[in-house]
Structures are given as structure tokens and as C-alpha cells.
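Let me begin by presenting the structure, written as C-alpha cells, before commenting on it.
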Amino acid sequence: MASLLNTVYSIRLSSKANPLRNQRLAAKPSCISLNRRRLVVRATETDTDKVGAKAPDKAPAGGGSSINQILGIKGAKQETDKWKIRVQLTKPVTWPPLVWGVVCGAAASGNFHWTLEDVAKAVVCMMMSGPCLTGYTQTINDWYDREIDAINEPYRPIPSGAISEDEVITQIWVLLLAGLGLAGLLDVWAGHNFPVIFYLALGGSLLSYIYSAPPLKLKQNGWIGNFALGASYISLPWWAGQALFGTLTPDIIVLTLLYSIAGLGIAIVNDFKSVEGDRKMGLQSLPVAFGSETAKWICVGAIDITQISVAGYLLGSGKPFYALALLGLIVPQVFFQFKYFLKDPVKYDVKYQASAQPFLILGLLVTALATSH
């Protein structure tokens, strides 16, 4: 802007010093207009470069992907359809690990058979774990994160005002009650004297609440919050699937809680993109507490060391082939960690998770099959 003012000032001085030139300029007003317009454009471009682009309050209306919007991931298209927004809040992209956990629990029980009834039970358990209770978890998390999202992702449905507060609260209650209702149905269907699945669902829902909501808000602490998240994604659906078709045993509970440390590592992956907002809101995520460079190695260490430990457990249990299979599935995860995640955890988070996590969840199934024999 200083360059523009100096230029205008110079034009005024030269005009006063040369009256003849003033007359010539007056005869050609269009030239003055054109020259001034060029100067203004150049000055504006210079100022923008110096100040830096301001983050938009909303994502570009014409940009974004419809698929990303439905899945509930970044790069989503701005939507006005309330039902699509409701689905977006439940983040369907987060359902598969829970669905897979039910599969692992059913496999670990050793009592699942490919009959119509067992398949139907498994599908209902997946609906409970995925769309209902994970949807509840994601919606309530977005609700209590609305102030942070207003900083990090102001175009998300709640901070942008695309959905009202009453509609969000209604969705939270509907998903919670639907999940608990399906859990009770499964207990009756399985003939349980004690409603183990219902209490697992109730406990998981309570854990989801205290993870997101004050005063406890477990996510304020990077270690406790991420372990709680890891247990919710790995242990709880496994326990539900195993309880549905068999019996939960102490060794399985310990093994799956150990595996939840890998889930802690997976949860850290999502913390890097929220560092600015977490710091402003006082949340001690691991990237905030330790710095991004150290947190990257904590993340991959939690994922890899946990799986190596489980492989050691399987080897010590006299199941060397399962242990070798699990070790073989760790190798590509390490490769993708170096290729994507350790280079830039923010830029490559989606690529890393899409590339590496399929091998981790296959390792879960290998472990489940090993425990069933």
C-alpha cells in the first residue's frame, strides 16, 4: 500500500511542476484511468502477499467431494440436505474398525457358524457397534468440539450452522437409545441370563461421553484419551462379538486391552491436524505436549511395539504360524509409516491410514483366529 501512496504522490508533484503536461494528460483521461487501475491492482497483490491469505469461514461452495461428505472426512462438499448432514456427523468412515471388531470377537469365540441365524446376529451386532454407537460417539464428540472446530475446521456442519443445536441433540439421543435397544435385543436373542452386551454398550457409551464432555473430558489428556479411544475401537466390539457367540475370558480381555495400545497410536494420527485448536483450547494432545516430531515416533512405536508384543505372546502360546503371520503383516505397516506418516503426518494422514490400517486389522483377525484354537 505504501508503494501505491508514493506513486500517487509522485504523480501529483509532477503535475504541479509541469502545467503543459497537465494539459496533455487532461486531453487523454482514459489513459490516466487505465494507468491508475493498473497501479491499484499491483498494490493489492503486493499487500495480499505480505499479509497472507486468511482462512475462509466456510469451505468453497463449489469445491469438495460428495463422497468425502457422506464419509465424514476432510475435503467434504458443503451440503444443505439435512439427512446427508446427519450422516456426515456420524462419520461412516469410522464404522469399519468397529464392524471388524465384531467379526474378530465372533471368530475368537469359536462358536460362530455360517447359518442364517448367526449371520443375522452378527449383522445386528455390527449395526449396534457401527452406525448406532459409533455414530453417537462421533456426533457427541463433534458437539463438544464445536468451539475447537470453529478454529480448525469452521466449515464443519455444527460450527458453520448447517444443522441446528436441537437437531444435533436429538440425533445424539436417538443413536444412543437405538444402540442400547439393539444391545438388549442381542442379549435376549443369545439367551443370556446376565445382559452382558447391554452393559458393554452402556459402558462404552459412558466412556464416549466422558471422553468428549466436561468436566472429565478424557481427550484433554493425550495418553488417557487416546487409550480410551483405542479400547473403544478394538476391545469393546471384540468383547461384544465374543459375548454374543461365546464367553469372555480374562486372557482375552487382557489381550485386547494390550492391543488397544495400538489403537492409542492410531488415535494420535488424528491429533496432528488439530494442533492449533487444541493448543488454544488447552487440550494436551500428544503433538501439543511433546511436539509433532516426538509425537510421530510415539505414534508409530505404540502401533508397532504392541503388535510385536502380541506376536511374541502367540509364539509363547505355541502358535508360531499365527505369530509369523502377524509379523508379516507388520512389515508393510512400517513401510507406509516411513513413506507417508513420518514425512508429514498432516499432509499424508489419510493416505497413511488407507495404506497401513488394512494390515493392522488383518492382524487383529489373525490374533482372533489364534485364540479360538
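To be explicit about the labels: the chains of the C-alpha cells are called A, B, and onward in the order shown, and within each one the residues are counted from 1, while ligands get numbers from 1 in the order they are shown.
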Taking 6 positions as the minimum chain separation for residues in the same chain, which residues sit within 8 Å of Tyr322 of chain A when counting only C-alpha atoms? Answer as a PDB file with all heavy atoms, in the first residue's frame.
ATOM      1  N   ALA A 311       2.564 -60.741  18.885  1.00  0.00           N
ATOM      2  CA  ALA A 311       3.186 -61.844  18.142  1.00  0.00           C
ATOM      3  C   ALA A 311       4.036 -62.705  19.082  1.00  0.00           C
ATOM      4  O   ALA A 311       4.038 -63.940  18.986  1.00  0.00           O
ATOM      5  CB  ALA A 311       4.041 -61.298  16.999  1.00  0.00           C
ATOM      6  N   LEU A 314       1.703 -64.899  21.083  1.00  0.00           N
ATOM      7  CA  LEU A 314       1.219 -66.037  20.302  1.00  0.00           C
ATOM      8  C   LEU A 314       2.301 -67.089  20.151  1.00  0.00           C
ATOM      9  O   LEU A 314       2.020 -68.302  20.209  1.00  0.00           O
ATOM     10  CB  LEU A 314       0.753 -65.556  18.920  1.00  0.00           C
ATOM     11  CG  LEU A 314      -0.465 -64.626  18.904  1.00  0.00           C
ATOM     12  CD1 LEU A 314      -0.781 -64.197  17.475  1.00  0.00           C
ATOM     13  CD2 LEU A 314      -1.678 -65.301  19.536  1.00  0.00           C
ATOM     14  N   LEU A 315       3.552 -66.641  19.975  1.00  0.00           N
ATOM     15  CA  LEU A 315       4.663 -67.594  19.865  1.00  0.00           C
ATOM     16  C   LEU A 315       4.840 -68.356  21.173  1.00  0.00           C
ATOM     17  O   LEU A 315       5.022 -69.582  21.172  1.00  0.00           O
ATOM     18  CB  LEU A 315       5.946 -66.833  19.519  1.00  0.00           C
ATOM     19  CG  LEU A 315       7.197 -67.680  19.276  1.00  0.00           C
ATOM     20  CD1 LEU A 315       7.004 -68.612  18.072  1.00  0.00           C
ATOM     21  CD2 LEU A 315       8.420 -66.784  19.064  1.00  0.00           C
ATOM     22  N   VAL A 366      -6.089 -62.346  12.547  1.00  0.00           N
ATOM     23  CA  VAL A 366      -5.115 -63.431  12.771  1.00  0.00           C
ATOM     24  C   VAL A 366      -5.042 -63.758  14.264  1.00  0.00           C
ATOM     25  O   VAL A 366      -5.057 -64.940  14.655  1.00  0.00           O
ATOM     26  CB  VAL A 366      -3.727 -63.021  12.233  1.00  0.00           C
ATOM     27  CG1 VAL A 366      -2.639 -63.993  12.732  1.00  0.00           C
ATOM     28  CG2 VAL A 366      -3.733 -63.009  10.701  1.00  0.00           C
ATOM     29  N   THR A 367      -4.985 -62.723  15.096  1.00  0.00           N
ATOM     30  CA  THR A 367      -4.931 -62.933  16.551  1.00  0.00           C
ATOM     31  C   THR A 367      -6.208 -63.595  17.059  1.00  0.00           C
ATOM     32  O   THR A 367      -6.162 -64.499  17.909  1.00  0.00           O
ATOM     33  CB  THR A 367      -4.716 -61.580  17.265  1.00  0.00           C
ATOM     34  OG1 THR A 367      -3.545 -60.956  16.741  1.00  0.00           O
ATOM     35  CG2 THR A 367      -4.557 -61.773  18.766  1.00  0.00           C
ATOM     36  N   ALA A 370      -6.230 -67.184  16.176  1.00  0.00           N
ATOM     37  CA  ALA A 370      -5.269 -67.922  17.004  1.00  0.00           C
ATOM     38  C   ALA A 370      -5.847 -68.239  18.381  1.00  0.00           C
ATOM     39  O   ALA A 370      -5.634 -69.336  18.913  1.00  0.00           O
ATOM     40  CB  ALA A 370      -3.994 -67.091  17.158  1.00  0.00           C
TER      41      ALA A 370
END
Please identify every residue of segment 74-161 of chain A that has at least one atom no farther than 7 Å from an atom of segment 175-187 of chain A, counting only C-alpha atoms, and for each give the shortest atom pair and the distance in Å to one decimal, arranged by chain then increasing number, as a tab-separated table.
residue	atom	partner	partner_atom	distance
A:Met128	CA	A:Gly179	CA	4.9
A:Cys132	CA	A:Leu175	CA	4.9
A:Leu133	CA	A:Gly179	CA	5.5
A:Gly135	CA	A:Leu175	CA	6.8
A:Tyr136	CA	A:Leu175	CA	5.3
Export of prior selection with all heavy atoms as an mmCIF file, in the first residue's frame:
data_model
loop_
_atom_site.group_PDB
_atom_site.id
_atom_site.type_symbol
_atom_site.label_atom_id
_atom_site.label_comp_id
_atom_site.auth_asym_id
_atom_site.auth_seq_id
_atom_site.Cartn_x
_atom_site.Cartn_y
_atom_site.Cartn_z
ATOM 1 N N MET A 128 -25.294 -52.222 15.802
ATOM 2 C CA MET A 128 -25.205 -51.620 17.123
ATOM 3 C C MET A 128 -23.856 -50.914 17.297
ATOM 4 O O MET A 128 -23.786 -49.749 17.725
ATOM 5 C CB MET A 128 -25.363 -52.690 18.200
ATOM 6 C CG MET A 128 -25.135 -52.190 19.619
ATOM 7 S SD MET A 128 -24.826 -53.520 20.810
ATOM 8 C CE MET A 128 -23.158 -54.028 20.359
ATOM 9 N N CYS A 132 -24.938 -47.075 15.037
ATOM 10 C CA CYS A 132 -25.620 -46.528 16.223
ATOM 11 C C CYS A 132 -24.650 -45.941 17.245
ATOM 12 O O CYS A 132 -24.639 -44.728 17.488
ATOM 13 C CB CYS A 132 -26.492 -47.607 16.864
ATOM 14 S SG CYS A 132 -27.895 -48.106 15.854
ATOM 15 N N LEU A 133 -23.808 -46.789 17.841
ATOM 16 C CA LEU A 133 -22.986 -46.307 18.952
ATOM 17 C C LEU A 133 -21.752 -45.539 18.495
ATOM 18 O O LEU A 133 -21.329 -44.591 19.165
ATOM 19 C CB LEU A 133 -22.617 -47.478 19.868
ATOM 20 C CG LEU A 133 -23.818 -48.106 20.587
ATOM 21 C CD1 LEU A 133 -23.381 -49.226 21.516
ATOM 22 C CD2 LEU A 133 -24.617 -47.050 21.358
ATOM 23 N N GLY A 135 -21.787 -43.858 15.671
ATOM 24 C CA GLY A 135 -22.442 -42.631 15.216
ATOM 25 C C GLY A 135 -22.744 -41.704 16.379
ATOM 26 O O GLY A 135 -22.549 -40.480 16.296
ATOM 27 N N TYR A 136 -23.226 -42.275 17.487
ATOM 28 C CA TYR A 136 -23.470 -41.494 18.707
ATOM 29 C C TYR A 136 -22.166 -40.864 19.202
ATOM 30 O O TYR A 136 -22.116 -39.663 19.526
ATOM 31 C CB TYR A 136 -24.063 -42.414 19.777
ATOM 32 C CG TYR A 136 -23.803 -41.990 21.195
ATOM 33 C CD1 TYR A 136 -24.546 -40.986 21.803
ATOM 34 C CD2 TYR A 136 -22.790 -42.613 21.945
ATOM 35 C CE1 TYR A 136 -24.294 -40.595 23.108
ATOM 36 C CE2 TYR A 136 -22.540 -42.240 23.255
ATOM 37 C CZ TYR A 136 -23.283 -41.231 23.833
ATOM 38 O OH TYR A 136 -23.025 -40.846 25.127
#
Atomic distance atom CA of Thr170 of chain A - atom CA of Thr80 of chain A, expressed in Å with one decimal: 18.2 Å
Members of segment 213-256 of chain A assigned helix (DSSP H, G or I) by DSSP, as a PyMOL selection string: chain A and resi 218-220+222-245+250-256
Restrict the selected residues to N, CA, C and O atoms and save them as a short mmCIF file (atom, residue, chain, number, x, y, z; two decimals), in the first residue's frame.
data_model
loop_
_atom_site.label_atom_id
_atom_site.label_comp_id
_atom_site.auth_asym_id
_atom_site.auth_seq_id
_atom_site.Cartn_x
_atom_site.Cartn_y
_atom_site.Cartn_z
N LEU A 218 -11.82 -36.78 28.87
CA LEU A 218 -10.59 -37.56 28.83
C LEU A 218 -9.66 -37.14 27.71
O LEU A 218 -8.44 -37.27 27.82
N LYS A 219 -10.22 -36.63 26.61
CA LYS A 219 -9.40 -36.27 25.47
C LYS A 219 -8.46 -35.09 25.76
O LYS A 219 -7.56 -34.81 24.97
N GLN A 220 -8.66 -34.41 26.91
CA GLN A 220 -7.75 -33.33 27.28
C GLN A 220 -6.37 -33.86 27.57
O GLN A 220 -5.38 -33.14 27.47
N GLY A 222 -3.61 -36.53 26.37
CA GLY A 222 -3.30 -37.32 25.18
C GLY A 222 -3.17 -38.81 25.44
O GLY A 222 -3.57 -39.63 24.62
N TRP A 223 -2.63 -39.18 26.60
CA TRP A 223 -2.43 -40.60 26.90
C TRP A 223 -3.75 -41.29 27.25
O TRP A 223 -4.13 -42.29 26.63
N ILE A 224 -4.46 -40.74 28.24
CA ILE A 224 -5.71 -41.37 28.70
C ILE A 224 -6.77 -41.33 27.61
O ILE A 224 -7.44 -42.32 27.33
N GLY A 225 -6.91 -40.18 26.97
CA GLY A 225 -7.95 -40.03 25.95
C GLY A 225 -7.74 -40.96 24.77
O GLY A 225 -8.68 -41.61 24.31
N ASN A 226 -6.52 -41.04 24.28
CA ASN A 226 -6.27 -41.89 23.11
C ASN A 226 -6.35 -43.37 23.46
O ASN A 226 -6.75 -44.18 22.62
N PHE A 227 -5.96 -43.74 24.68
CA PHE A 227 -6.12 -45.15 25.06
C PHE A 227 -7.60 -45.51 25.17
O PHE A 227 -8.02 -46.59 24.75
N ALA A 228 -8.40 -44.59 25.74
CA ALA A 228 -9.85 -44.83 25.82
C ALA A 228 -10.44 -44.99 24.44
O ALA A 228 -11.29 -45.86 24.20
N LEU A 229 -9.97 -44.16 23.51
CA LEU A 229 -10.46 -44.26 22.13
C LEU A 229 -10.03 -45.57 21.50
O LEU A 229 -10.81 -46.25 20.82
N GLY A 230 -8.78 -45.97 21.74
CA GLY A 230 -8.29 -47.24 21.19
C GLY A 230 -9.07 -48.43 21.74
O GLY A 230 -9.40 -49.37 20.99
N ALA A 231 -9.36 -48.41 23.04
CA ALA A 231 -10.14 -49.50 23.64
C ALA A 231 -11.55 -49.55 23.06
O ALA A 231 -12.12 -50.63 22.85
N SER A 232 -12.13 -48.38 22.79
CA SER A 232 -13.48 -48.33 22.23
C SER A 232 -13.52 -48.93 20.83
O SER A 232 -14.52 -49.55 20.44
N TYR A 233 -12.45 -48.76 20.09
CA TYR A 233 -12.43 -49.22 18.71
C TYR A 233 -12.00 -50.68 18.57
O TYR A 233 -12.36 -51.34 17.59
N ILE A 234 -11.22 -51.17 19.52
CA ILE A 234 -10.70 -52.54 19.40
C ILE A 234 -11.33 -53.48 20.41
O ILE A 234 -11.90 -54.51 20.04
N SER A 235 -11.26 -53.13 21.68
CA SER A 235 -11.69 -54.07 22.72
C SER A 235 -13.21 -54.24 22.78
O SER A 235 -13.72 -55.37 22.78
N LEU A 236 -13.95 -53.13 22.84
CA LEU A 236 -15.39 -53.22 23.07
C LEU A 236 -16.14 -54.01 21.99
O LEU A 236 -16.95 -54.88 22.32
N PRO A 237 -15.92 -53.74 20.69
CA PRO A 237 -16.64 -54.53 19.69
C PRO A 237 -16.21 -55.99 19.68
O PRO A 237 -17.03 -56.88 19.43
N TRP A 238 -14.94 -56.25 19.97
CA TRP A 238 -14.46 -57.63 20.07
C TRP A 238 -15.19 -58.33 21.20
O TRP A 238 -15.69 -59.46 21.03
N TRP A 239 -15.27 -57.68 22.38
CA TRP A 239 -15.96 -58.28 23.52
C TRP A 239 -17.43 -58.54 23.20
O TRP A 239 -17.97 -59.59 23.58
N ALA A 240 -18.06 -57.60 22.51
CA ALA A 240 -19.48 -57.78 22.17
C ALA A 240 -19.66 -58.98 21.24
O ALA A 240 -20.56 -59.81 21.44
N GLY A 241 -18.81 -59.09 20.22
CA GLY A 241 -18.90 -60.22 19.29
C GLY A 241 -18.63 -61.55 19.96
O GLY A 241 -19.31 -62.55 19.69
N GLN A 242 -17.65 -61.56 20.85
CA GLN A 242 -17.32 -62.83 21.53
C GLN A 242 -18.40 -63.19 22.54
O GLN A 242 -18.76 -64.38 22.68
N ALA A 243 -18.94 -62.21 23.25
CA ALA A 243 -20.00 -62.48 24.22
C ALA A 243 -21.27 -62.96 23.53
O ALA A 243 -22.04 -63.74 24.10
N LEU A 244 -21.50 -62.49 22.32
CA LEU A 244 -22.70 -62.88 21.58
C LEU A 244 -22.68 -64.35 21.21
O LEU A 244 -23.72 -65.04 21.25
N PHE A 245 -21.50 -64.86 20.86
CA PHE A 245 -21.40 -66.25 20.39
C PHE A 245 -20.68 -67.18 21.35
O PHE A 245 -20.69 -68.40 21.14
N PRO A 250 -10.78 -63.95 30.92
CA PRO A 250 -9.81 -62.93 31.36
C PRO A 250 -8.63 -62.75 30.41
O PRO A 250 -8.16 -61.62 30.21
N ASP A 251 -8.14 -63.85 29.82
CA ASP A 251 -6.98 -63.72 28.94
C ASP A 251 -7.32 -62.91 27.68
O ASP A 251 -6.50 -62.13 27.18
N ILE A 252 -8.55 -63.07 27.18
CA ILE A 252 -8.97 -62.30 26.01
C ILE A 252 -9.12 -60.82 26.37
O ILE A 252 -8.75 -59.93 25.59
N ILE A 253 -9.65 -60.55 27.55
CA ILE A 253 -9.79 -59.16 27.99
C ILE A 253 -8.43 -58.48 28.07
O ILE A 253 -8.24 -57.36 27.58
N VAL A 254 -7.44 -59.18 28.66
CA VAL A 254 -6.09 -58.61 28.77
C VAL A 254 -5.46 -58.43 27.39
O VAL A 254 -4.86 -57.39 27.10
N LEU A 255 -5.60 -59.44 26.53
CA LEU A 255 -5.00 -59.37 25.20
C LEU A 255 -5.57 -58.22 24.37
O LEU A 255 -4.82 -57.48 23.71
N THR A 256 -6.87 -58.04 24.42
CA THR A 256 -7.49 -56.96 23.63
C THR A 256 -7.17 -55.58 24.20
O THR A 256 -7.02 -54.62 23.45
#
Selected residue of minimal separation from Ser260 of chain A among A:Ile67, A:Ile158, A:Ile148, A:Leu364, counting only C-alpha atoms: A:Leu364
Can you tell me, as a CSV table (one decimal) with N, CA and C atoms, in the first residue's frame, what residues are no more than 9 Å from segment 307-310 of chain A when counting only C-alpha atoms, ignoring any on the same chain fewer than 2 positions away?
chain,number,residue,atom,x,y,z
A,255,LEU,N,-5.6,-59.4,26.5
A,255,LEU,CA,-5.0,-59.4,25.2
A,255,LEU,C,-5.6,-58.2,24.4
A,258,LEU,N,-4.4,-54.9,25.6
A,258,LEU,CA,-3.0,-54.7,25.1
A,258,LEU,C,-3.0,-54.2,23.7
A,259,TYR,N,-3.9,-54.8,22.9
A,259,TYR,CA,-4.0,-54.4,21.5
A,259,TYR,C,-4.5,-53.0,21.4
A,262,ALA,N,-2.2,-50.2,20.5
A,262,ALA,CA,-2.0,-49.9,19.1
A,262,ALA,C,-3.1,-48.9,18.6
A,302,ALA,N,3.9,-47.0,19.4
A,302,ALA,CA,2.7,-47.7,20.0
A,302,ALA,C,2.1,-48.7,19.1
A,303,ILE,N,2.0,-48.4,17.8
A,303,ILE,CA,1.4,-49.3,16.9
A,303,ILE,C,2.3,-50.6,16.7
A,304,ASP,N,3.5,-50.4,16.4
A,304,ASP,CA,4.4,-51.5,16.0
A,304,ASP,C,4.8,-52.3,17.2
A,305,ILE,N,5.2,-51.7,18.3
A,305,ILE,CA,5.7,-52.5,19.5
A,305,ILE,C,4.5,-53.3,20.1
A,312,GLY,N,4.7,-62.0,20.0
A,312,GLY,CA,5.5,-62.8,21.0
A,312,GLY,C,4.6,-63.6,21.9
A,313,TYR,N,3.5,-63.1,22.3
A,313,TYR,CA,2.5,-63.8,23.1
A,313,TYR,C,2.0,-65.1,22.4
A,314,LEU,N,1.7,-64.9,21.1
A,314,LEU,CA,1.2,-66.0,20.3
A,314,LEU,C,2.3,-67.1,20.2
A,315,LEU,N,3.6,-66.6,20.0
A,315,LEU,CA,4.7,-67.6,19.9
A,315,LEU,C,4.8,-68.4,21.2
A,323,ALA,N,1.9,-66.3,14.8
A,323,ALA,CA,2.9,-65.3,15.2
A,323,ALA,C,3.6,-64.8,14.0
A,326,LEU,N,1.4,-62.6,11.8
A,326,LEU,CA,1.2,-61.3,12.4
A,326,LEU,C,2.5,-60.4,12.1
A,327,LEU,N,3.6,-61.0,12.3
A,327,LEU,CA,4.9,-60.3,12.0
A,327,LEU,C,4.9,-59.9,10.5
A,330,ILE,N,3.0,-56.8,9.9
A,330,ILE,CA,3.6,-55.5,10.5
A,330,ILE,C,4.5,-54.9,9.5
A,360,LEU,N,-3.2,-53.8,9.7
A,360,LEU,CA,-3.4,-53.9,11.2
A,360,LEU,C,-4.6,-54.6,11.5
A,363,GLY,N,-4.3,-58.2,11.0
A,363,GLY,CA,-3.5,-58.8,12.2
A,363,GLY,C,-4.5,-59.1,13.3
A,367,THR,N,-5.0,-62.7,15.1
A,367,THR,CA,-4.9,-62.9,16.6
A,367,THR,C,-6.2,-63.6,17.1
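With only C-alpha atoms as the atoms that count, the residue of A:Trp173, A:Phe112, A:Trp83, A:Tyr155 with the shortest distance to Thr139 of chain A is A:Trp173.
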With a cut-off of 12 Å, could you pull out the residues of segment 254-312 of chain A touching segment 89-96 of chain A and give me the nearest pair of atoms for each, distance in Å to one decimal, using only C-alpha atoms, ordered by chain and ascending number, as CSV?
residue,atom,partner,partner_atom,distance
A:Ile266,CA,A:Thr94,CA,11.9
A:Ala267,CA,A:Thr94,CA,11.4
A:Asn270,CA,A:Thr94,CA,11.9
Minimum-distance residue to Trp100 of chain A, chosen among A:Thr115, A:Ser129, A:Thr134, A:Ser274 (using only C-alpha atoms): A:Ser129
